[in-house]
Each structure stands twice: as C-alpha cells, then as structure tokens.
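File shown: data_13.cif (mmCIF, C-alpha atoms (C1' of nucleotides)).
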```
data_start
#
loop_
_atom_site.group_PDB
_atom_site.id
_atom_site.type_symbol
_atom_site.label_atom_id
_atom_site.label_comp_id
_atom_site.auth_asym_id
_atom_site.auth_seq_id
_atom_site.Cartn_x
_atom_site.Cartn_y
_atom_site.Cartn_z
ATOM 1 C CA MET A 1099 -37.397 -39.944 101.446
ATOM 2 C CA MET A 1100 -38.322 -43.239 102.995
ATOM 3 C CA PRO A 1101 -35.771 -45.980 102.617
ATOM 4 C CA LYS A 1102 -36.942 -48.930 100.575
ATOM 5 C CA SER A 1103 -39.519 -50.668 102.750
ATOM 6 C CA LYS A 1104 -39.423 -54.351 103.626
ATOM 7 C CA SER A 1105 -42.533 -55.090 101.654
ATOM 8 C CA ASN A 1106 -41.064 -53.316 98.680
ATOM 9 C CA ALA A 1107 -37.890 -55.370 98.978
ATOM 10 C CA GLN A 1108 -39.882 -58.590 99.073
ATOM 11 C CA PHE A 1109 -41.909 -57.437 96.113
ATOM 12 C CA ASP A 1110 -38.823 -56.630 94.058
ATOM 13 C CA LYS A 1111 -37.197 -59.900 94.998
ATOM 14 C CA GLN A 1112 -40.157 -61.865 93.733
ATOM 15 C CA PHE A 1113 -40.116 -60.015 90.444
ATOM 16 C CA GLY A 1114 -36.375 -60.453 90.067
ATOM 17 C CA LEU A 1115 -36.540 -64.188 90.601
ATOM 18 C CA TYR A 1116 -39.269 -64.438 88.018
ATOM 19 C CA VAL A 1117 -37.238 -62.550 85.424
ATOM 20 C CA LYS A 1118 -34.213 -64.698 86.134
ATOM 21 C CA LYS A 1119 -36.273 -67.853 85.693
ATOM 22 C CA LYS A 1120 -37.758 -66.642 82.418
ATOM 23 C CA ARG A 1121 -34.402 -65.558 81.087
ATOM 24 C CA GLU A 1122 -32.803 -68.892 81.925
ATOM 25 C CA GLN A 1123 -35.694 -70.760 80.337
ATOM 26 C CA ALA A 1124 -35.030 -68.783 77.173
ATOM 27 C CA ARG A 1125 -31.317 -69.572 77.578
ATOM 28 C CA TRP A 1126 -30.324 -65.945 77.306
ATOM 29 C CA THR A 1127 -27.428 -64.309 79.081
ATOM 30 C CA GLN A 1128 -28.112 -61.094 80.953
ATOM 31 C CA SER A 1129 -26.351 -59.258 78.133
ATOM 32 C CA GLU A 1130 -28.604 -60.826 75.544
ATOM 33 C CA LEU A 1131 -31.726 -59.897 77.457
ATOM 34 C CA ALA A 1132 -30.349 -56.408 78.042
ATOM 35 C CA SER A 1133 -29.769 -55.823 74.347
ATOM 36 C CA LYS A 1134 -33.381 -56.703 73.592
ATOM 37 C CA LEU A 1135 -34.425 -54.000 76.050
ATOM 38 C CA GLU A 1136 -31.874 -51.484 74.850
ATOM 39 C CA ASN A 1137 -30.435 -51.702 78.305
ATOM 40 C CA ASN A 1138 -27.230 -52.954 79.894
ATOM 41 C CA PHE A 1139 -26.561 -56.202 81.674
ATOM 42 C CA GLN A 1140 -25.749 -54.489 84.974
ATOM 43 C CA ASN A 1141 -29.322 -53.323 85.263
ATOM 44 C CA ILE A 1142 -30.584 -56.798 84.486
ATOM 45 C CA SER A 1143 -28.346 -58.104 87.237
ATOM 46 C CA ARG A 1144 -29.659 -55.543 89.691
ATOM 47 C CA LEU A 1145 -33.221 -56.262 88.681
ATOM 48 C CA GLU A 1146 -32.857 -60.003 89.069
ATOM 49 C CA ARG A 1147 -31.359 -59.586 92.514
ATOM 50 C CA GLY A 1148 -34.246 -57.362 93.576
ATOM 51 C CA GLU A 1149 -32.042 -54.334 94.096
ATOM 52 C CA THR A 1150 -34.223 -51.979 92.115
ATOM 53 C CA THR A 1151 -37.906 -51.401 91.615
ATOM 54 C CA PRO A 1152 -38.564 -51.499 87.885
ATOM 55 C CA THR A 1153 -40.826 -48.955 86.269
ATOM 56 C CA LEU A 1154 -43.957 -50.197 84.581
ATOM 57 C CA PHE A 1155 -42.468 -49.261 81.230
ATOM 58 C CA TRP A 1156 -39.453 -51.418 81.997
ATOM 59 C CA CYS A 1157 -41.792 -54.324 82.666
ATOM 60 C CA TYR A 1158 -43.539 -53.654 79.404
ATOM 61 C CA LYS A 1159 -40.285 -53.922 77.502
ATOM 62 C CA LEU A 1160 -39.456 -57.093 79.412
ATOM 63 C CA ALA A 1161 -42.781 -58.567 78.345
ATOM 64 C CA ASP A 1162 -41.896 -57.668 74.771
ATOM 65 C CA ALA A 1163 -38.596 -59.475 75.055
ATOM 66 C CA PHE A 1164 -40.325 -62.577 76.375
ATOM 67 C CA GLU A 1165 -42.996 -62.207 73.720
ATOM 68 C CA MET A 1166 -45.880 -61.957 76.087
ATOM 69 C CA ASN A 1167 -48.407 -59.358 77.115
ATOM 70 C CA LEU A 1168 -47.581 -57.296 80.159
ATOM 71 C CA SER A 1169 -50.653 -58.542 81.993
ATOM 72 C CA GLU A 1170 -49.640 -62.141 81.301
ATOM 73 C CA LEU A 1171 -46.181 -61.471 82.660
ATOM 74 C CA ILE A 1172 -47.585 -59.928 85.828
ATOM 75 C CA GLU A 1173 -49.996 -62.808 86.142
ATOM 76 C CA GLU A 1174 -47.090 -65.252 86.022
ATOM 77 C CA VAL A 1175 -45.117 -63.409 88.668
ATOM 78 C CA GLY A 1176 -47.984 -64.368 90.912
ATOM 79 C CA TYR A 1177 -48.549 -61.365 93.130
ATOM 80 C CA LYS A 1178 -51.603 -61.666 95.292
ATOM 81 C CA ASN A 1179 -53.317 -58.459 96.313
ATOM 82 C CA LYS A 1180 -55.400 -58.439 99.440
ATOM 83 C CA LYS A 1181 -58.929 -57.627 98.376
ATOM 84 C CA MET B 1124 -29.422 -39.985 80.186
ATOM 85 C CA MET B 1125 -31.966 -40.172 77.435
ATOM 86 C CA PRO B 1126 -34.913 -37.834 77.741
ATOM 87 C CA LYS B 1127 -38.241 -39.518 78.186
ATOM 88 C CA SER B 1128 -38.961 -41.162 74.837
ATOM 89 C CA LYS B 1129 -42.123 -40.623 72.844
ATOM 90 C CA SER B 1130 -43.252 -44.182 73.304
ATOM 91 C CA ASN B 1131 -42.677 -43.909 77.018
ATOM 92 C CA ALA B 1132 -44.752 -40.735 77.124
ATOM 93 C CA GLN B 1133 -47.599 -42.401 75.276
ATOM 94 C CA PHE B 1134 -47.356 -45.386 77.590
ATOM 95 C CA ASP B 1135 -47.513 -43.223 80.710
ATOM 96 C CA LYS B 1136 -50.388 -41.204 79.321
ATOM 97 C CA GLN B 1137 -52.456 -44.306 78.768
ATOM 98 C CA PHE B 1138 -51.816 -45.491 82.279
ATOM 99 C CA GLY B 1139 -52.630 -42.102 83.728
ATOM 100 C CA LEU B 1140 -55.947 -41.871 81.933
ATOM 101 C CA TYR B 1141 -56.860 -45.305 83.194
ATOM 102 C CA VAL B 1142 -56.111 -44.384 86.800
ATOM 103 C CA LYS B 1143 -58.099 -41.193 86.473
ATOM 104 C CA LYS B 1144 -61.061 -43.110 85.095
ATOM 105 C CA LYS B 1145 -60.916 -45.698 87.876
ATOM 106 C CA ARG B 1146 -60.596 -43.052 90.542
ATOM 107 C CA GLU B 1147 -63.545 -41.100 89.224
ATOM 108 C CA GLN B 1148 -65.632 -44.237 89.009
ATOM 109 C CA ALA B 1149 -64.902 -44.807 92.677
ATOM 110 C CA ARG B 1150 -65.773 -41.152 93.309
ATOM 111 C CA TRP B 1151 -62.542 -40.482 95.108
ATOM 112 C CA THR B 1152 -60.600 -37.246 95.090
ATOM 113 C CA GLN B 1153 -56.891 -37.418 94.304
ATOM 114 C CA SER B 1154 -56.251 -36.824 97.991
ATOM 115 C CA GLU B 1155 -58.418 -39.748 98.984
ATOM 116 C CA LEU B 1156 -56.681 -42.072 96.567
ATOM 117 C CA ALA B 1157 -53.320 -40.761 97.708
ATOM 118 C CA SER B 1158 -54.051 -41.511 101.361
ATOM 119 C CA LYS B 1159 -54.875 -45.110 100.488
ATOM 120 C CA LEU B 1160 -51.447 -45.389 98.913
ATOM 121 C CA GLU B 1161 -49.663 -43.522 101.684
ATOM 122 C CA ASN B 1162 -48.797 -40.981 99.060
ATOM 123 C CA ASN B 1163 -49.659 -37.361 98.320
ATOM 124 C CA PHE B 1164 -52.152 -35.966 95.863
ATOM 125 C CA GLN B 1165 -49.484 -34.178 93.830
ATOM 126 C CA ASN B 1166 -48.036 -37.501 92.779
ATOM 127 C CA ILE B 1167 -51.476 -38.764 91.846
ATOM 128 C CA SER B 1168 -51.929 -35.665 89.737
ATOM 129 C CA ARG B 1169 -48.609 -36.181 88.030
ATOM 130 C CA LEU B 1170 -49.380 -39.835 87.450
ATOM 131 C CA GLU B 1171 -52.795 -39.153 85.943
ATOM 132 C CA ARG B 1172 -51.334 -36.574 83.580
ATOM 133 C CA GLY B 1173 -48.699 -39.050 82.436
ATOM 134 C CA GLU B 1174 -45.846 -36.975 83.762
ATOM 135 C CA THR B 1175 -44.152 -39.821 85.553
ATOM 136 C CA THR B 1176 -43.527 -43.484 84.947
ATOM 137 C CA PRO B 1177 -44.831 -45.368 87.958
ATOM 138 C CA THR B 1178 -42.811 -48.161 89.493
ATOM 139 C CA LEU B 1179 -44.303 -51.625 89.482
ATOM 140 C CA PHE B 1180 -44.666 -51.433 93.251
ATOM 141 C CA TRP B 1181 -46.654 -48.220 92.859
ATOM 142 C CA CYS B 1182 -48.995 -50.021 90.493
ATOM 143 C CA TYR B 1183 -49.340 -52.825 92.986
ATOM 144 C CA LYS B 1184 -50.466 -50.401 95.673
ATOM 145 C CA LEU B 1185 -52.851 -48.806 93.200
ATOM 146 C CA ALA B 1186 -54.360 -52.208 92.506
ATOM 147 C CA ASP B 1187 -54.763 -52.660 96.245
ATOM 148 C CA ALA B 1188 -56.612 -49.363 96.499
ATOM 149 C CA PHE B 1189 -58.952 -50.378 93.703
ATOM 150 C CA GLU B 1190 -59.325 -53.820 95.255
ATOM 151 C CA MET B 1191 -58.083 -55.712 92.276
ATOM 152 C CA ASN B 1192 -55.117 -57.866 91.401
ATOM 153 C CA LEU B 1193 -52.216 -56.149 89.704
ATOM 154 C CA SER B 1194 -52.547 -58.350 86.636
ATOM 155 C CA GLU B 1195 -56.236 -57.439 86.350
ATOM 156 C CA LEU B 1196 -55.394 -53.772 86.563
ATOM 157 C CA ILE B 1197 -52.765 -54.078 83.832
ATOM 158 C CA GLU B 1198 -55.203 -56.087 81.761
ATOM 159 C CA GLU B 1199 -57.740 -53.278 82.018
ATOM 160 C CA VAL B 1200 -55.254 -50.613 80.996
ATOM 161 C CA GLY B 1201 -55.195 -52.486 77.736
ATOM 162 C CA TYR B 1202 -51.565 -52.432 76.619
ATOM 163 C CA LYS B 1203 -50.888 -54.538 73.588
ATOM 164 C CA ASN B 1204 -47.417 -55.958 73.215
ATOM 165 C CA LYS B 1205 -46.183 -56.835 69.772
ATOM 166 C CA LYS B 1206 -45.475 -60.543 69.802
ATOM 167 C "C1'" DA C 99 -6.391 -77.187 86.056
ATOM 168 C "C1'" DA C 100 -6.543 -73.310 83.095
ATOM 169 C "C1'" DA C 101 -9.100 -70.084 80.349
ATOM 170 C "C1'" DA C 102 -13.132 -67.834 79.103
ATOM 171 C "C1'" DA C 103 -17.712 -66.400 79.926
ATOM 172 C "C1'" DA C 104 -21.186 -64.936 83.014
ATOM 173 C "C1'" DC C 105 -22.364 -62.694 86.796
ATOM 174 C "C1'" DT C 106 -21.998 -59.810 91.258
ATOM 175 C "C1'" DA C 107 -20.738 -55.796 93.445
ATOM 176 C "C1'" DA C 108 -18.924 -51.393 94.387
ATOM 177 C "C1'" DC C 109 -18.306 -46.773 92.761
ATOM 178 C "C1'" DC C 110 -19.316 -42.392 90.267
ATOM 179 C "C1'" DA C 111 -22.065 -39.067 87.596
ATOM 180 C "C1'" DT C 112 -26.483 -37.846 86.023
ATOM 181 C "C1'" DA C 113 -31.578 -38.203 85.192
ATOM 182 C "C1'" DT C 114 -35.874 -39.014 87.004
ATOM 183 C "C1'" DA C 115 -39.005 -39.760 90.863
ATOM 184 C "C1'" DC C 116 -40.743 -38.119 94.898
ATOM 185 C "C1'" DG C 117 -42.264 -35.136 99.014
ATOM 186 C "C1'" DG C 118 -43.367 -30.782 100.098
ATOM 187 C "C1'" DT C 119 -44.450 -25.913 99.346
ATOM 188 C "C1'" DT C 120 -46.608 -22.255 96.882
ATOM 189 C "C1'" DA C 121 -49.423 -20.125 93.418
ATOM 190 C "C1'" DG C 122 -52.750 -20.269 90.077
ATOM 191 C "C1'" DT C 123 -56.716 -22.438 87.545
ATOM 192 C "C1'" DT C 124 -60.958 -25.046 87.094
ATOM 193 C "C1'" DA C 125 -65.098 -27.065 88.952
ATOM 194 C "C1'" DA C 126 -68.746 -27.440 92.350
ATOM 195 C "C1'" DG C 127 -71.739 -25.754 95.750
ATOM 196 C "C1'" DT C 128 -74.202 -21.995 97.981
ATOM 197 C "C1'" DA D 836 -71.356 -13.730 91.957
ATOM 198 C "C1'" DC D 837 -68.942 -15.593 95.832
ATOM 199 C "C1'" DT D 838 -66.777 -19.282 98.333
ATOM 200 C "C1'" DT D 839 -64.706 -23.481 98.713
ATOM 201 C "C1'" DA D 840 -62.824 -27.742 97.034
ATOM 202 C "C1'" DA D 841 -60.239 -30.011 93.591
ATOM 203 C "C1'" DC D 842 -56.822 -29.956 90.588
ATOM 204 C "C1'" DT D 843 -52.684 -28.270 87.719
ATOM 205 C "C1'" DA D 844 -48.231 -26.542 87.539
ATOM 206 C "C1'" DA D 845 -43.866 -24.773 88.776
ATOM 207 C "C1'" DC D 846 -40.102 -24.924 91.968
ATOM 208 C "C1'" DC D 847 -36.766 -26.820 95.360
ATOM 209 C "C1'" DG D 848 -34.269 -30.390 97.892
ATOM 210 C "C1'" DT D 849 -33.436 -35.214 98.379
ATOM 211 C "C1'" DA D 850 -33.652 -40.266 97.193
ATOM 212 C "C1'" DT D 851 -33.568 -43.750 93.908
ATOM 213 C "C1'" DA D 852 -32.749 -45.455 89.244
ATOM 214 C "C1'" DT D 853 -29.782 -45.731 85.562
ATOM 215 C "C1'" DG D 854 -25.531 -45.938 82.503
ATOM 216 C "C1'" DG D 855 -20.994 -46.735 82.659
ATOM 217 C "C1'" DT D 856 -16.539 -48.278 84.573
ATOM 218 C "C1'" DT D 857 -13.759 -51.344 87.173
ATOM 219 C "C1'" DA D 858 -12.691 -55.249 89.993
ATOM 220 C "C1'" DG D 859 -13.654 -59.513 91.731
ATOM 221 C "C1'" DT D 860 -16.280 -63.925 92.037
ATOM 222 C "C1'" DT D 861 -18.703 -67.861 90.228
ATOM 223 C "C1'" DT D 862 -19.772 -70.898 86.512
ATOM 224 C "C1'" DT D 863 -18.853 -73.097 82.256
ATOM 225 C "C1'" DT D 864 -15.962 -74.909 78.787
ATOM 226 C "C1'" DT D 865 -11.899 -76.994 77.104
#
```
What does this structure look like when you write it as structure tokens?
Amino acid sequence: MMPKSKSNAQFDKQFGLYVKKKREQARWTQSELASKLENNFQNISRLERGETTPTLFWCYKLADAFEMNLSELIEEVGYKNKK
Amino acid sequence: MMPKSKSNAQFDKQFGLYVKKKREQARWTQSELASKLENNFQNISRLERGETTPTLFWCYKLADAFEMNLSELIEEVGYKNKK
DNA sequence: AAAAAACTAACCATATACGGTTAGTTAAGT
DNA sequence: ACTTAACTAACCGTATATGGTTAGTTTTTT
C-alpha cells in the first residue's frame, strides 16, 4: 500500500491541531476526552499529533463530545476544497 | 478488538447511500468516481454498501470529486448529533 | 526543588481498511 | 435472447488503525 502521502499528513495535522485546541478550550485532559469517546488517551494523543487519519465515525463521536454537529466541527477545522 | 458496532454500521450505511445518490446524480459509474479519487471501484462499492468506515481524508477527496466543501458534504449526509 | 499529572513515544498483538484478483449477479443496450 | 457494462461479493496479502503496555519527557502543582 502507499505510504501516508504528504497531503494526507498535512490534512491530519490540521485536524489534530483543531482537536487539541477544542479540548484545551474545554479544559479536558486527553484521558477525559478519551473516556467520552469510549477510547483511550493514547489514541487522542496520536490523533492530536496528526499521526493517524481518523475515521468519519471517530469524528462523529468527537463532535458529540464537543456537543456540536459533525458538519459544524468540520466547518471549524477549516478545510478548503478546490472547486 | 470490538466488532463493528450497530451504531457504526448504521452510520456507515447512511454515508454510503448518500455517496451512491450523489454519484448517480452525477451519472458516474463507480469506476469513474474511483478514478477521480485515485482509488478502485471495489472500494467505492464497499463504501456505498456501508461495509467500511471511510477515513476523514477519504471523505475530503470525495468532496473534491463532487466539487463541494467537506463540511457541505457532511451537512448533506444529514447526521444529527445529540447535543 | 520535589512530586504528581499530563503527555509523547516506542513497542506488540490484533482488527479493519485497502488493493487486487476472480467469480457471479444485475442492469442496460442491441 | 444475447452481449456487454456495471456492480456485488468473496478471497488473499499487506498496510494502517487501534488497544494496551511500558518508559520517558514535559508541564503543573505544591
């Protein structure tokens, strides 16, 4: 399989930084956020550092934790597609 | 690891049906859509049938193919988070 | 400065995703 | 009815994601 592409890495990084920002605004530790997602803090750490590409379902659960709609969350991350 | 949960399956199904609808509206075959994503039609098939959970980056490339922003695409899928 | 909490990072085992092949089914066109 | 295209589905091998452990680093608190 292809190794993780550069664009993918950049994409993941942007998402990770957003999650980190949101989590810190909520004053949650990674463990606290993880427990809301029925996940573990290691995966939150990896996500925030852009090491993994989250599934859409993951993002959905994140949106739940932050009490927002998934589309709002994506909107806030600020990706711009070329049209 | 946990098997794919029911809620996850429902979530994936909804996304798959949306992609199928969009693709058919554009009058593309699965192969045509796949080539736009640098992917193969088997994965499109699996996605549309809700067999796999797409990564966020996948969804981003899908949005590109449909010439929309990722947040717009998610908006159109119509997920409702409990707030 | 010391202790505790929070986080990063590596490693391992396993599950799922993915690419590709093959076979079979459904739909469309002639 | 026949042919072809489109799609579904199973299988296999490999890559990535994930859960968990452990160790080490950074940050916070006292």
>> I need the chain C residues near chain A as a PyMOL selection string; criterion: at most 12 Å, counting all atoms listed in the file.
In response: chain C and resi 103-107+114-118
Please save C-alpha atoms (C1' of nucleotides) of the selected residues as a tab-separated table (two decimals), keeping the file's coordinate frame.
```tsv
chain	number	residue	atom	x	y	z
C	103	DA	C1'	-17.71	-66.40	79.93
C	104	DA	C1'	-21.19	-64.94	83.01
C	105	DC	C1'	-22.36	-62.69	86.80
C	106	DT	C1'	-22.00	-59.81	91.26
C	107	DA	C1'	-20.74	-55.80	93.44
C	114	DT	C1'	-35.87	-39.01	87.00
C	115	DA	C1'	-39.01	-39.76	90.86
C	116	DC	C1'	-40.74	-38.12	94.90
C	117	DG	C1'	-42.26	-35.14	99.01
C	118	DG	C1'	-43.37	-30.78	100.10
```
>> What does the structure give for the distance between atom CA of A:Ala1132 and atom CA of A:Lys1111, in Å to one decimal?
In response: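 If I compute the distance from atom CA of A:Ala1132 to atom CA of A:Lys1111, I get 18.6 Å.
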>> Given the point (-50.4, -65.0, 86.2) in the coordinates of this file, which residues lie within 12 Å, counting only C-alpha atoms (C1' of nucleotides), and how would they look as number ranges by chain?
In response: A: 1116, 1166-1178; B: 1192-1195, 1197-1198
>> From the options A:Gln1112, A:Ser1103, A:Thr1153, A:Gln1123, which residue's atoms come nearest to chain D, counting all atoms listed in the file?
In response: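 Checking each of A:Gln1112, A:Ser1103, A:Thr1153, A:Gln1123 against chain D, counting all atoms listed in the file, the winner is A:Thr1153.
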> Pick the closest to B:Leu1160 from B:Lys1205, B:Arg1146, B:Ala1188, B:Phe1134: which is it, counting all atoms listed in the file?
Replying inline: B:Ala1188
> What gap, in Å, lies between atom C1' of D:DT861 and atom CA of A:Lys1119?
Replying inline: 18.1 Å
Box in all listed atoms of stretch 840-856 of chain D, axis-aligned, with 4 Å more on each side; write out centre and edge lengths in Å to one decimal as lines of an AutoDock Vina configuration file.
```
center_x = -39.7
center_y = -36.5
center_z = 90.4
size_x = 54.3
size_y = 31.5
size_z = 23.9
```
